[in-house]
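Source file: input_30.json. Holds: JSON, C-alpha atoms and all ligand atoms.
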[["chain", "number", "residue", "atom", "x", "y", "z"],
["N", 1, "MET", "CA", 5.64, -2.07, 23.69],
["N", 2, "GLU", "CA", 8.44, -3.09, 26.01],
["N", 3, "ILE", "CA", 8.45, -6.63, 27.38],
["N", 4, "ARG", "CA", 9.00, -6.76, 31.17],
["N", 5, "LYS", "CA", 8.68, -9.16, 34.07],
["N", 6, "ILE", "CA", 5.18, -8.57, 35.41],
["N", 7, "ARG", "CA", 2.49, -10.27, 37.50],
["N", 8, "CYS", "CA", -0.21, -11.09, 34.92],
["N", 9, "LYS", "CA", -3.65, -9.78, 35.92],
["N", 10, "ILE", "CA", -5.28, -12.61, 34.00],
["N", 11, "CYS", "CA", -3.36, -15.79, 34.99],
["N", 12, "ASN", "CA", -1.70, -14.31, 38.08],
["N", 13, "PHE", "CA", 1.76, -15.76, 37.21],
["N", 14, "LEU", "CA", 4.97, -13.76, 37.39],
["N", 15, "LYS", "CA", 6.08, -13.81, 33.73],
["N", 16, "GLU", "CA", 7.29, -11.78, 30.77],
["N", 17, "GLY", "CA", 4.51, -9.51, 29.63],
["N", 18, "LEU", "CA", 3.24, -6.10, 28.59],
["N", 19, "ILE", "CA", 2.03, -3.11, 30.54],
["N", 20, "LEU", "CA", -1.11, -1.84, 28.84],
["N", 21, "GLU", "CA", -1.23, 1.57, 30.44],
["N", 22, "HIS", "CA", -4.45, 2.69, 28.77],
["N", 23, "TYR", "CA", -6.30, -0.25, 30.32],
["N", 24, "ASN", "CA", -4.24, -0.01, 33.50],
["N", 25, "LEU", "CA", -3.46, -3.69, 33.04],
["N", 26, "LYS", "CA", -0.44, -5.99, 33.08],
["N", 27, "VAL", "CA", -0.79, -9.03, 30.83],
["N", 28, "CYS", "CA", 1.69, -11.83, 30.15],
["N", 29, "LEU", "CA", 2.66, -12.78, 26.60],
["N", 30, "ASN", "CA", 0.59, -15.98, 26.87],
["N", 31, "CYS", "CA", -2.60, -14.23, 27.89],
["N", 32, "PHE", "CA", -2.27, -11.19, 25.57],
["N", 33, "PRO", "CA", -3.53, -12.76, 22.30],
["N", 34, "ASP", "CA", -6.74, -13.92, 23.94],
["N", 35, "PHE", "CA", -7.18, -10.55, 25.62],
["N", 36, "PHE", "CA", -6.76, -8.91, 22.18],
["N", 37, "ARG", "CA", -9.33, -11.22, 20.53],
["N", 38, "LYS", "CA", -11.81, -10.45, 23.30],
["N", 39, "ARG", "CA", -11.34, -6.71, 22.75],
["N", 40, "VAL", "CA", -12.03, -7.21, 19.03],
["N", 41, "ASP", "CA", -15.16, -9.23, 19.80],
["N", 42, "GLU", "CA", -16.39, -6.66, 22.33],
["N", 43, "THR", "CA", -15.97, -3.88, 19.75],
["N", 44, "ILE", "CA", -17.90, -5.88, 17.12],
["N", 45, "LYS", "CA", -20.75, -6.35, 19.61],
["N", 46, "LYS", "CA", -20.64, -2.83, 21.05],
["N", 47, "PHE", "CA", -21.19, -1.24, 17.64],
["N", 48, "LYS", "CA", -23.40, -4.14, 16.37],
["N", 49, "MET", "CA", -21.05, -4.54, 13.41],
["N", 50, "PHE", "CA", -22.01, -8.10, 12.41],
["N", 51, "THR", "CA", -22.72, -11.54, 13.86],
["N", 52, "LYS", "CA", -21.44, -15.05, 13.27],
["N", 53, "LEU", "CA", -24.29, -15.52, 10.78],
["N", 54, "ASP", "CA", -22.97, -12.77, 8.48],
["N", 55, "LYS", "CA", -20.48, -13.41, 5.71],
["N", 56, "ILE", "CA", -17.40, -11.24, 6.13],
["N", 57, "LEU", "CA", -14.82, -10.07, 3.61],
["N", 58, "ILE", "CA", -11.64, -8.85, 5.25],
["N", 59, "ALA", "CA", -9.50, -6.43, 3.23],
["N", 60, "LEU", "CA", -6.06, -7.86, 3.88],
["N", 61, "SER", "CA", -3.22, -5.47, 3.05],
["N", 62, "GLY", "CA", -0.41, -7.53, 4.59],
["N", 63, "GLY", "CA", 0.23, -4.94, 7.32],
["N", 64, "LYS", "CA", 0.09, -5.77, 11.04],
["N", 65, "ASP", "CA", -3.39, -4.31, 11.52],
["N", 66, "SER", "CA", -5.37, -6.29, 8.97],
["N", 67, "MET", "CA", -3.29, -9.45, 9.63],
["N", 68, "SER", "CA", -4.03, -9.34, 13.37],
["N", 69, "LEU", "CA", -7.68, -8.71, 12.61],
["N", 70, "ALA", "CA", -7.93, -11.59, 10.11],
["N", 71, "LYS", "CA", -6.36, -13.98, 12.62],
["N", 72, "SER", "CA", -8.68, -12.79, 15.41],
["N", 73, "LEU", "CA", -11.86, -13.07, 13.32],
["N", 74, "LYS", "CA", -10.89, -16.55, 12.19],
["N", 75, "ASP", "CA", -10.07, -17.68, 15.74],
["N", 76, "LEU", "CA", -13.30, -16.16, 17.07],
["N", 77, "GLY", "CA", -15.28, -18.28, 14.61],
["N", 78, "TYR", "CA", -16.55, -15.60, 12.20],
["N", 79, "SER", "CA", -17.31, -16.64, 8.64],
["N", 80, "VAL", "CA", -14.48, -14.79, 6.98],
["N", 81, "LYS", "CA", -12.86, -14.69, 3.56],
["N", 82, "ALA", "CA", -9.91, -12.44, 2.58],
["N", 83, "LEU", "CA", -9.43, -10.04, -0.31],
["N", 84, "HIS", "CA", -5.98, -8.72, -1.13],
["N", 85, "ILE", "CA", -5.45, -6.06, -3.79],
["N", 86, "ASN", "CA", -2.06, -5.99, -5.49],
["N", 87, "MET", "CA", -1.66, -2.36, -6.63],
["N", 88, "GLU", "CA", 1.47, -3.25, -8.62],
["N", 89, "ILE", "CA", 3.77, -0.91, -6.72],
["N", 90, "LYS", "CA", 7.39, -1.65, -7.60],
["N", 91, "ASP", "CA", 9.51, -3.34, -4.90],
["N", 92, "LEU", "CA", 6.50, -3.66, -2.58],
["N", 93, "SER", "CA", 3.34, -5.26, -3.96],
["N", 94, "ASN", "CA", 4.62, -8.66, -5.11],
["N", 95, "GLU", "CA", 6.51, -9.32, -1.91],
["N", 96, "THR", "CA", 3.44, -8.25, 0.08],
["N", 97, "SER", "CA", 1.11, -10.51, -1.90],
["N", 98, "LEU", "CA", 3.39, -13.47, -1.17],
["N", 99, "ILE", "CA", 3.30, -12.77, 2.58],
["N", 100, "VAL", "CA", -0.50, -12.54, 2.46],
["N", 101, "LYS", "CA", -0.74, -15.76, 0.45],
["N", 102, "ASN", "CA", 1.48, -17.68, 2.88],
["N", 103, "PHE", "CA", -0.45, -16.36, 5.87],
["N", 104, "CYS", "CA", -3.81, -17.41, 4.39],
["N", 105, "GLU", "CA", -2.51, -20.86, 3.50],
["N", 106, "LYS", "CA", -1.20, -21.36, 7.02],
["N", 107, "GLU", "CA", -4.42, -20.09, 8.60],
["N", 108, "ASN", "CA", -6.61, -21.98, 6.16],
["N", 109, "LEU", "CA", -8.30, -18.73, 5.18],
["N", 110, "GLU", "CA", -9.94, -18.45, 1.76],
["N", 111, "LEU", "CA", -8.19, -15.71, -0.23],
["N", 112, "LYS", "CA", -8.82, -13.83, -3.44],
["N", 113, "ILE", "CA", -6.03, -11.70, -4.90],
["N", 114, "VAL", "CA", -7.04, -8.99, -7.35],
["N", 115, "ASN", "CA", -4.44, -7.07, -9.37],
["N", 116, "LEU", "CA", -4.65, -3.46, -10.48],
["N", 117, "ASN", "CA", -4.35, -4.68, -14.09],
["N", 118, "ASP", "CA", -7.50, -6.78, -13.71],
["N", 119, "TYR", "CA", -9.24, -3.39, -13.70],
["N", 120, "PHE", "CA", -6.84, -1.00, -15.48],
["N", 121, "THR", "CA", -4.33, -1.31, -18.31],
["N", 122, "THR", "CA", -1.78, 1.04, -16.76],
["N", 123, "ASN", "CA", 0.01, 1.77, -13.46],
["N", 124, "LEU", "CA", -0.77, 4.11, -10.56],
["N", 125, "GLU", "CA", 1.66, 6.86, -11.67],
["N", 126, "GLU", "CA", -0.10, 7.10, -15.02],
["N", 127, "LEU", "CA", -3.57, 6.96, -13.44],
["N", 128, "SER", "CA", -2.62, 9.73, -11.03],
["N", 129, "LYS", "CA", -1.52, 11.97, -13.92],
["N", 130, "ILE", "CA", -4.72, 11.29, -15.85],
["N", 131, "ALA", "CA", -6.92, 11.90, -12.79],
["N", 132, "LYS", "CA", -4.82, 14.96, -11.79],
["N", 133, "LYS", "CA", -4.83, 13.71, -8.20],
["N", 134, "PRO", "CA", -2.09, 12.47, -5.84],
["N", 135, "ILE", "CA", -1.22, 8.79, -6.22],
["N", 136, "CYS", "CA", -2.29, 8.01, -2.64],
["N", 137, "SER", "CA", -5.75, 9.42, -3.23],
["N", 138, "VAL", "CA", -6.26, 7.64, -6.58],
["N", 139, "CYS", "CA", -5.01, 4.40, -5.03],
["N", 140, "GLY", "CA", -7.52, 4.77, -2.16],
["N", 141, "SER", "CA", -10.46, 5.36, -4.53],
["N", 142, "ILE", "CA", -9.51, 2.38, -6.67],
["N", 143, "ARG", "CA", -9.10, 0.10, -3.64],
["N", 144, "ARG", "CA", -12.50, 1.12, -2.27],
["N", 145, "TYR", "CA", -14.07, 0.52, -5.67],
["N", 146, "ILE", "CA", -12.49, -2.93, -6.03],
["N", 147, "MET", "CA", -13.51, -3.88, -2.48],
["N", 148, "ASN", "CA", -17.14, -3.02, -3.22],
["N", 149, "ARG", "CA", -17.07, -4.87, -6.53],
["N", 150, "GLU", "CA", -15.57, -7.98, -4.95],
["N", 151, "ALA", "CA", -17.71, -8.01, -1.80],
["N", 152, "PHE", "CA", -20.86, -9.54, -3.31],
["N", 153, "SER", "CA", -22.91, -8.33, -0.34],
["N", 154, "ARG", "CA", -20.45, -9.60, 2.27],
["N", 155, "VAL", "CA", -19.70, -7.18, 5.12],
["N", 156, "ILE", "CA", -16.39, -5.46, 4.27],
["N", 157, "VAL", "CA", -14.06, -5.31, 7.23],
["N", 158, "THR", "CA", -10.85, -3.24, 7.31],
["N", 159, "GLY", "CA", -7.96, -3.01, 9.75],
["N", 160, "HIS", "CA", -8.33, 0.68, 10.65],
["N", 161, "THR", "CA", -7.07, 1.20, 14.21],
["N", 162, "ILE", "CA", -7.72, 3.89, 16.80],
["N", 163, "ASN", "CA", -4.60, 5.63, 15.42],
["N", 164, "ASP", "CA", -6.13, 5.68, 11.92],
["N", 165, "GLU", "CA", -9.49, 6.86, 13.20],
["N", 166, "VAL", "CA", -8.08, 9.66, 15.35],
["N", 167, "SER", "CA", -5.57, 10.75, 12.63],
["N", 168, "PHE", "CA", -8.47, 11.06, 10.20],
["N", 169, "LEU", "CA", -10.58, 12.90, 12.76],
["N", 170, "LEU", "CA", -7.79, 15.35, 13.70],
["N", 171, "LYS", "CA", -6.92, 16.07, 10.09],
["N", 172, "ASN", "CA", -10.52, 16.83, 9.21],
["N", 173, "LEU", "CA", -10.99, 18.98, 12.32],
["N", 174, "ILE", "CA", -7.87, 21.03, 11.55],
["N", 175, "PHE", "CA", -9.03, 21.62, 7.97],
["N", 176, "TRP", "CA", -12.76, 21.73, 8.88],
["N", 177, "ASN", "CA", -13.90, 19.17, 6.36],
["N", 178, "ASP", "CA", -17.49, 19.12, 7.59],
["N", 179, "ASP", "CA", -18.60, 16.71, 4.88],
["N", 180, "LEU", "CA", -16.28, 14.08, 6.30],
["N", 181, "LEU", "CA", -16.60, 14.99, 9.99],
["N", 182, "CYS", "CA", -20.36, 14.48, 9.96],
["N", 183, "ARG", "CA", -19.96, 10.89, 8.74],
["N", 184, "ILE", "CA", -17.29, 9.56, 11.11],
["N", 185, "ASN", "CA", -18.42, 6.15, 12.32],
["N", 186, "PRO", "CA", -16.80, 2.73, 12.78],
["N", 187, "ILE", "CA", -19.69, 1.21, 10.88],
["N", 188, "LEU", "CA", -21.25, 2.28, 7.61],
["N", 189, "ALA", "CA", -24.66, 0.85, 6.79],
["N", 190, "GLU", "CA", -25.20, -1.01, 3.53],
["N", 191, "ARG", "CA", -26.95, 0.75, 0.70],
["N", 192, "GLU", "CA", -28.31, -0.62, -2.53],
["N", 193, "GLY", "CA", -25.24, -2.03, -4.30],
["N", 194, "LEU", "CA", -22.79, -1.04, -1.53],
["N", 195, "SER", "CA", -21.81, -3.43, 1.24],
["N", 196, "ARG", "CA", -21.85, -2.66, 4.94],
["N", 197, "LYS", "CA", -18.39, -1.64, 6.19],
["N", 198, "ALA", "CA", -16.96, -2.11, 9.66],
["N", 199, "LYS", "CA", -13.74, -1.35, 11.52],
["N", 200, "PRO", "CA", -13.44, -3.80, 14.44],
["N", 201, "LEU", "CA", -10.02, -2.40, 15.49],
["N", 202, "CYS", "CA", -11.37, 1.12, 15.95],
["N", 203, "LEU", "CA", -10.65, 0.99, 19.71],
["N", 204, "ILE", "CA", -7.34, -0.87, 19.43],
["N", 205, "SER", "CA", -3.92, 0.75, 18.95],
["N", 206, "GLU", "CA", -1.16, -0.08, 16.50],
["N", 207, "GLU", "CA", 1.13, -0.96, 19.37],
["N", 208, "GLU", "CA", -1.31, -3.73, 20.26],
["N", 209, "THR", "CA", -1.64, -5.08, 16.70],
["N", 210, "ARG", "CA", 2.16, -5.14, 16.47],
["N", 211, "SER", "CA", 2.47, -7.04, 19.77],
["N", 212, "PHE", "CA", -0.25, -9.49, 18.70],
["N", 213, "CYS", "CA", 1.56, -10.34, 15.44],
["N", 214, "GLU", "CA", 4.95, -10.57, 17.12],
["N", 215, "ILE", "CA", 3.79, -12.81, 19.95],
["N", 216, "LEU", "CA", 2.03, -15.18, 17.52],
["N", 217, "GLY", "CA", 4.88, -15.07, 14.97],
["N", 218, "ILE", "CA", 2.68, -13.63, 12.22],
["N", 219, "LYS", "CA", 4.88, -12.26, 9.45],
["N", 220, "TYR", "CA", 3.69, -8.87, 8.18],
["N", 221, "VAL", "CA", 4.88, -6.08, 5.89],
["N", 222, "ASP", "CA", 6.33, -3.09, 7.70],
["N", 223, "THR", "CA", 7.70, -1.19, 4.68],
["N", 224, "PRO", "CA", 5.78, 2.06, 4.32],
["N", 225, "CYS", "CA", 4.18, 2.65, 0.95],
["N", 226, "PRO", "CA", 6.39, 5.08, -1.05],
["N", 227, "TYR", "CA", 3.28, 7.01, -2.10],
["N", 228, "LYS", "CA", 1.75, 7.42, 1.37],
["N", 229, "SER", "CA", 0.52, 10.99, 1.90],
["N", 230, "LYS", "CA", 2.91, 13.09, 4.03],
["N", 231, "VAL", "CA", -0.02, 14.98, 5.54],
["N", 232, "TYR", "CA", -1.40, 11.76, 6.92],
["N", 233, "ASP", "CA", 2.01, 10.91, 8.44],
["N", 234, "VAL", "CA", 1.94, 14.15, 10.46],
["N", 235, "PHE", "CA", -1.38, 13.27, 12.09],
["N", 236, "LYS", "CA", -0.39, 9.63, 12.58],
["N", 237, "GLY", "CA", 2.70, 10.89, 14.42],
["N", 238, "ILE", "CA", 0.54, 13.03, 16.69],
["N", 239, "THR", "CA", -1.61, 10.04, 17.66],
["N", 240, "LEU", "CA", 1.46, 7.94, 18.50],
["N", 241, "LYS", "CA", 2.79, 10.74, 20.75],
["N", 242, "LEU", "CA", -0.59, 11.30, 22.39],
["N", 243, "ASN", "CA", -0.99, 7.63, 23.17],
["N", 244, "GLU", "CA", 2.46, 7.50, 24.72],
["N", 245, "ARG", "CA", 2.12, 10.68, 26.76],
["N", 246, "PHE", "CA", -1.54, 10.29, 27.76],
["N", 247, "PRO", "CA", -2.49, 6.59, 27.66],
["N", 248, "GLY", "CA", -6.16, 6.17, 26.86],
["N", 249, "SER", "CA", -6.55, 9.66, 25.42],
["N", 250, "LEU", "CA", -7.18, 8.44, 21.86],
["N", 251, "ILE", "CA", -10.01, 6.14, 22.89],
["N", 252, "GLY", "CA", -11.51, 8.87, 25.07],
["N", 253, "PHE", "CA", -11.31, 11.43, 22.27],
["N", 254, "TYR", "CA", -12.77, 9.10, 19.64],
["N", 255, "LYS", "CA", -15.63, 7.82, 21.82],
["N", 256, "GLY", "CA", -16.30, 11.40, 22.95],
["N", 257, "TYR", "CA", -16.56, 12.55, 19.34],
["N", 258, "LEU", "CA", -18.97, 9.73, 18.44],
["N", 259, "LYS", "CA", -21.13, 10.74, 21.42],
["N", 260, "ARG", "CA", -21.24, 14.39, 20.37],
["N", 261, "ILE", "CA", -21.38, 14.04, 16.59],
["N", 262, "ARG", "CA", -25.18, 14.58, 16.37],
["N", 263, "ASN", "CA", -24.85, 17.76, 18.49],
["N", 264, "PHE", "CA", -22.20, 19.08, 16.14],
["N", 265, "TYR", "CA", -24.02, 18.06, 12.99],
["N", 266, "PRO", "CA", -27.71, 17.67, 13.89],
["N", 267, "GLU", "CA", -29.04, 18.13, 10.37],
["N", 268, "LYS", "CA", -26.29, 16.35, 8.51],
["N", 269, "GLN", "CA", -27.25, 12.70, 8.48],
["N", 270, "ASP", "CA", -25.63, 10.85, 5.63],
["N", 271, "ASN", "CA", -28.41, 11.33, 3.13],
["N", 272, "SER", "CA", -26.35, 12.33, 0.12],
["N", 273, "VAL", "CA", -28.28, 11.43, -3.00],
["N", 274, "LEU", "CA", -26.51, 8.57, -4.68],
["N", 275, "GLN", "CA", -27.45, 6.97, -7.96],
["N", 276, "LYS", "CA", -26.15, 4.01, -9.90],
["N", 277, "CYS", "CA", -23.29, 4.69, -12.32],
["N", 278, "LYS", "CA", -24.74, 4.16, -15.78],
["N", 279, "ASN", "CA", -21.67, 2.15, -16.84],
["N", 280, "CYS", "CA", -20.93, -0.14, -13.92],
["N", 281, "GLY", "CA", -23.75, 0.30, -11.39],
["N", 282, "TYR", "CA", -21.49, 1.55, -8.57],
["N", 283, "LEU", "CA", -23.25, 4.13, -6.37],
["N", 284, "THR", "CA", -22.08, 7.66, -7.15],
["N", 285, "THR", "CA", -23.18, 11.29, -6.86],
["N", 286, "ALA", "CA", -22.67, 11.80, -10.62],
["N", 287, "GLN", "CA", -24.13, 9.95, -13.62],
["N", 288, "VAL", "CA", -20.85, 8.11, -14.21],
["N", 289, "CYS", "CA", -18.66, 7.12, -11.24],
["N", 290, "SER", "CA", -15.12, 8.45, -10.80],
["N", 291, "ILE", "CA", -13.53, 5.10, -11.68],
["N", 292, "CYS", "CA", -15.45, 4.78, -14.96],
["N", 293, "ARG", "CA", -14.55, 8.40, -15.77],
["N", 294, "LEU", "CA", -10.91, 7.54, -15.15],
["N", 295, "LYS", "CA", -11.23, 4.55, -17.50],
["N", 296, "GLU", "CA", -12.80, 6.77, -20.16],
["N", 297, "LYS", "CA", -9.96, 9.29, -19.86],
["N", 298, "LEU", "CA", -7.46, 6.45, -20.13],
["N", 299, "LEU", "CA", -9.02, 5.37, -23.44],
["N", 300, "GLU", "CA", -8.81, 8.93, -24.76],
["A", 1, "LIG", "P1", -4.63, 2.14, 4.70],
["A", 1, "LIG", "O1", -5.61, 2.87, 3.86],
["A", 1, "LIG", "O2", -3.40, 1.72, 3.95],
["A", 1, "LIG", "O3", -4.34, 2.77, 6.03],
["A", 1, "LIG", "O4", -5.32, 0.75, 5.05],
["A", 1, "LIG", "C1", -6.47, 0.67, 5.83],
["A", 1, "LIG", "C2", -7.09, -0.70, 5.68],
["A", 1, "LIG", "O5", -7.51, -0.89, 4.33],
["A", 1, "LIG", "C3", -6.16, -1.86, 5.98],
["A", 1, "LIG", "O6", -6.13, -2.17, 7.34],
["A", 1, "LIG", "C4", -6.76, -2.97, 5.15],
["A", 1, "LIG", "O7", -7.86, -3.56, 5.81],
["A", 1, "LIG", "C5", -7.29, -2.24, 3.94],
["A", 1, "LIG", "N1", -6.30, -2.27, 2.83],
["A", 1, "LIG", "C6", -5.33, -1.37, 2.55],
["A", 1, "LIG", "N2", -4.60, -1.72, 1.48],
["A", 1, "LIG", "C7", -5.12, -2.89, 1.03],
["A", 1, "LIG", "C8", -4.81, -3.81, -0.04],
["A", 1, "LIG", "N3", -3.82, -3.55, -0.90],
["A", 1, "LIG", "N4", -5.56, -4.92, -0.19],
["A", 1, "LIG", "C9", -6.58, -5.17, 0.68],
["A", 1, "LIG", "N5", -6.91, -4.37, 1.69],
["A", 1, "LIG", "C10", -6.20, -3.24, 1.89],
["A", 2, "ZN", "ZN", -1.12, -14.39, 32.04]]
Take the structure I supplied and represent it as structure tokens, if you would.
Amino acid sequence: MEIRKIRCKICNFLKEGLILEHYNLKVCLNCFPDFFRKRVDETIKKFKMFTKLDKILIALSGGKDSMSLAKSLKDLGYSVKALHINMEIKDLSNETSLIVKNFCEKENLELKIVNLNDYFTTNLEELSKIAKKPICSVCGSIRRYIMNREAFSRVIVTGHTINDEVSFLLKNLIFWNDDLLCRINPILAEREGLSRKAKPLCLISEEETRSFCEILGIKYVDTPCPYKSKVYDVFKGITLKLNERFPGSLIGFYKGYLKRIRNFYPEKQDNSVLQKCKNCGYLTTAQVCSICRLKEKLLE
């Protein structure tokens, strides 16, 4: 977002600030961080994600989204602890882990770092070949698995933004993935052995998380992952263009979808029959979960 001389709607001073077109609001650089935190808090309350009595585990990737969320939750007084997963990606993961570590030290935020080799004896390339799936998809499954294992019934919070949510929604509409479309929700209820999951940035854009980090001098990793799915990039690009051309359209589209989802999928509540994996206890649709199957194949 461009920085301009504006009259701040919050403090009423003529200062350097941002024009937030989708809220039809001009805010100075001093007032923006507090405005951002309030938006996060309003989203948490609107969707009844959690309260100050709940224990939260934030999945901290080192990117601008989860960093701005971690800082906001801490400042708002939530009981939050961070989990960072080092996926051992060359030229990226170690540098990222260091940035996360420094941030948590500075913010006095409890942090646990888990490495891929705490769970597997090989790297992502090898795991992708064994699983016969793209690296990005294997990486996602492993990260979700590790998050659940490390949560110990804390609420898992991720930095998914409105851009992530709408990209996911558009992609699944274009390819009519009904099984995913019927479950879109910024909050996923806990189930036996699986923690509750929430996305408090679901109504906040990436432009805003970037501005938040830059104004507060929070160092974050901006290098894209070399394995990131190209398909996802296409839809992410569409959301960035939409937000620029039609401010507010992403929020309108996302909220509109949530309002209509039960009309589109009246019978499809999320009642998939899950059972405990007989090796590790993780909830799965099969007898053995996909991660344990991957480990078995690795041994073979
Ligand atoms: P992504 O799937 O990369 O778009 O990331 C979505 C969210 O997942 C981020 O905002 C983080 O909250 C979380 N996340 C992604 N990668 C990691 C990681 N390596 N360690 C911890 N959390 C992560
Ligand atoms: Zn102001």
inquiry  = Give me, as a list of chain:residue names, all polymer residues having an atom no more than 8 Å from Val138 (chain N), counting all atoms listed in the file and skipping those fewer than 6 positions away in the same chain.
reply    = N:Leu124, N:Leu127, N:Ser128, N:Ala131
ask   = So which residues are near ligand ZN 2 (chain A), meaning at most 12 Å away with only C-alpha atoms and all ligand atoms counted, given back as a ChimeraX atom specification?
value = /N:5-19,25-35
Take the selection from the previous step and output its residues with C-alpha atoms, as a PDB file, in the coordinates of the input.
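What landed in out-v4.pdb:
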ATOM      1  CA  LYS N   5       8.680  -9.160  34.070  1.00  0.00           C
ATOM      2  CA  ILE N   6       5.180  -8.570  35.410  1.00  0.00           C
ATOM      3  CA  ARG N   7       2.490 -10.270  37.500  1.00  0.00           C
ATOM      4  CA  CYS N   8      -0.210 -11.090  34.920  1.00  0.00           C
ATOM      5  CA  LYS N   9      -3.650  -9.780  35.920  1.00  0.00           C
ATOM      6  CA  ILE N  10      -5.280 -12.610  34.000  1.00  0.00           C
ATOM      7  CA  CYS N  11      -3.360 -15.790  34.990  1.00  0.00           C
ATOM      8  CA  ASN N  12      -1.700 -14.310  38.080  1.00  0.00           C
ATOM      9  CA  PHE N  13       1.760 -15.760  37.210  1.00  0.00           C
ATOM     10  CA  LEU N  14       4.970 -13.760  37.390  1.00  0.00           C
ATOM     11  CA  LYS N  15       6.080 -13.810  33.730  1.00  0.00           C
ATOM     12  CA  GLU N  16       7.290 -11.780  30.770  1.00  0.00           C
ATOM     13  CA  GLY N  17       4.510  -9.510  29.630  1.00  0.00           C
ATOM     14  CA  LEU N  18       3.240  -6.100  28.590  1.00  0.00           C
ATOM     15  CA  ILE N  19       2.030  -3.110  30.540  1.00  0.00           C
ATOM     16  CA  LEU N  25      -3.460  -3.690  33.040  1.00  0.00           C
ATOM     17  CA  LYS N  26      -0.440  -5.990  33.080  1.00  0.00           C
ATOM     18  CA  VAL N  27      -0.790  -9.030  30.830  1.00  0.00           C
ATOM     19  CA  CYS N  28       1.690 -11.830  30.150  1.00  0.00           C
ATOM     20  CA  LEU N  29       2.660 -12.780  26.600  1.00  0.00           C
ATOM     21  CA  ASN N  30       0.590 -15.980  26.870  1.00  0.00           C
ATOM     22  CA  CYS N  31      -2.600 -14.230  27.890  1.00  0.00           C
ATOM     23  CA  PHE N  32      -2.270 -11.190  25.570  1.00  0.00           C
ATOM     24  CA  PRO N  33      -3.530 -12.760  22.300  1.00  0.00           C
ATOM     25  CA  ASP N  34      -6.740 -13.920  23.940  1.00  0.00           C
ATOM     26  CA  PHE N  35      -7.180 -10.550  25.620  1.00  0.00           C
TER      27      PHE N  35
END
request  = Residues up to 7 Å from ligand LIG 1 (chain A), counting all atoms listed in the file: could you list those as a PyMOL selection string?
outcome  = chain N and resi 58-61+63+65-66+83-87+140+143+157-160+164
key: Using only C-alpha atoms: which of N:Ala151, N:Asn102, N:Ser141, N:Cys182 has the shortest distance to Asn263 (chain N)   =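 Using only C-alpha atoms, Asn263 (chain N) sits closest to N:Cys182.
Candidate residues N:Lys297, N:Lys132, N:Arg245, N:Arg191 were compared for distance to Gln275 (chain N), and the nearest is N:Arg191, using only C-alpha atoms.
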Box time for region 275-293 of chain N: axis-aligned, enclosing all its listed atoms, 4 Å extra on each side; report centre and edge lengths in Å to one decimal, as lines of an AutoDock Vina configuration file.
center_x = -20.5
center_y = 5.8
center_z = -11.6
size_x = 21.9
size_y = 19.9
size_z = 18.5
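Nearest to Glu150 (chain N) of all the residues N:Cys289, N:Leu181, N:Cys136, N:Val114 is N:Val114, based on all atoms listed in the file.
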query = Between CA of Phe212 (chain N) and CA of Lys71 (chain N), what is the distance, to one decimal in Å?
reply = 9.7 Å
query = Contacts of Glu206 (chain N) at 9 Å or less, counting only C-alpha atoms, minus same-chain residues fewer than 6 places along, as a list in words?
reply = Lys64, Asp65, Thr161, Ile162, Asn163, Asp164 and Leu240 of chain N
query = Rounded to one decimal in Å, what is the spacing between CA of Lys106 (chain N) and CA of Lys55 (chain N)?
reply =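 Separation between CA of Lys106 (chain N) and CA of Lys55 (chain N): 20.9 Å.
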For Phe36 (chain N), the nearest of the candidates N:Cys277, N:Leu92, N:Val80, N:Leu20, counting all atoms listed in the file =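 For Phe36 (chain N), the nearest of the given residues is N:Leu20.
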key: Two-atom distance - CA of Asn172 (chain N), CA of Lys197 (chain N) (Å)   = 20.3 Å
request  = Pick out the closest residue to Lys278 (chain N) from this set: N:Arg293, N:Lys81, N:Lys241, N:Lys90. Count all atoms listed in the file.
outcome  =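 Of N:Arg293, N:Lys81, N:Lys241, N:Lys90, the one nearest Lys278 (chain N), counting all atoms listed in the file, is N:Arg293.
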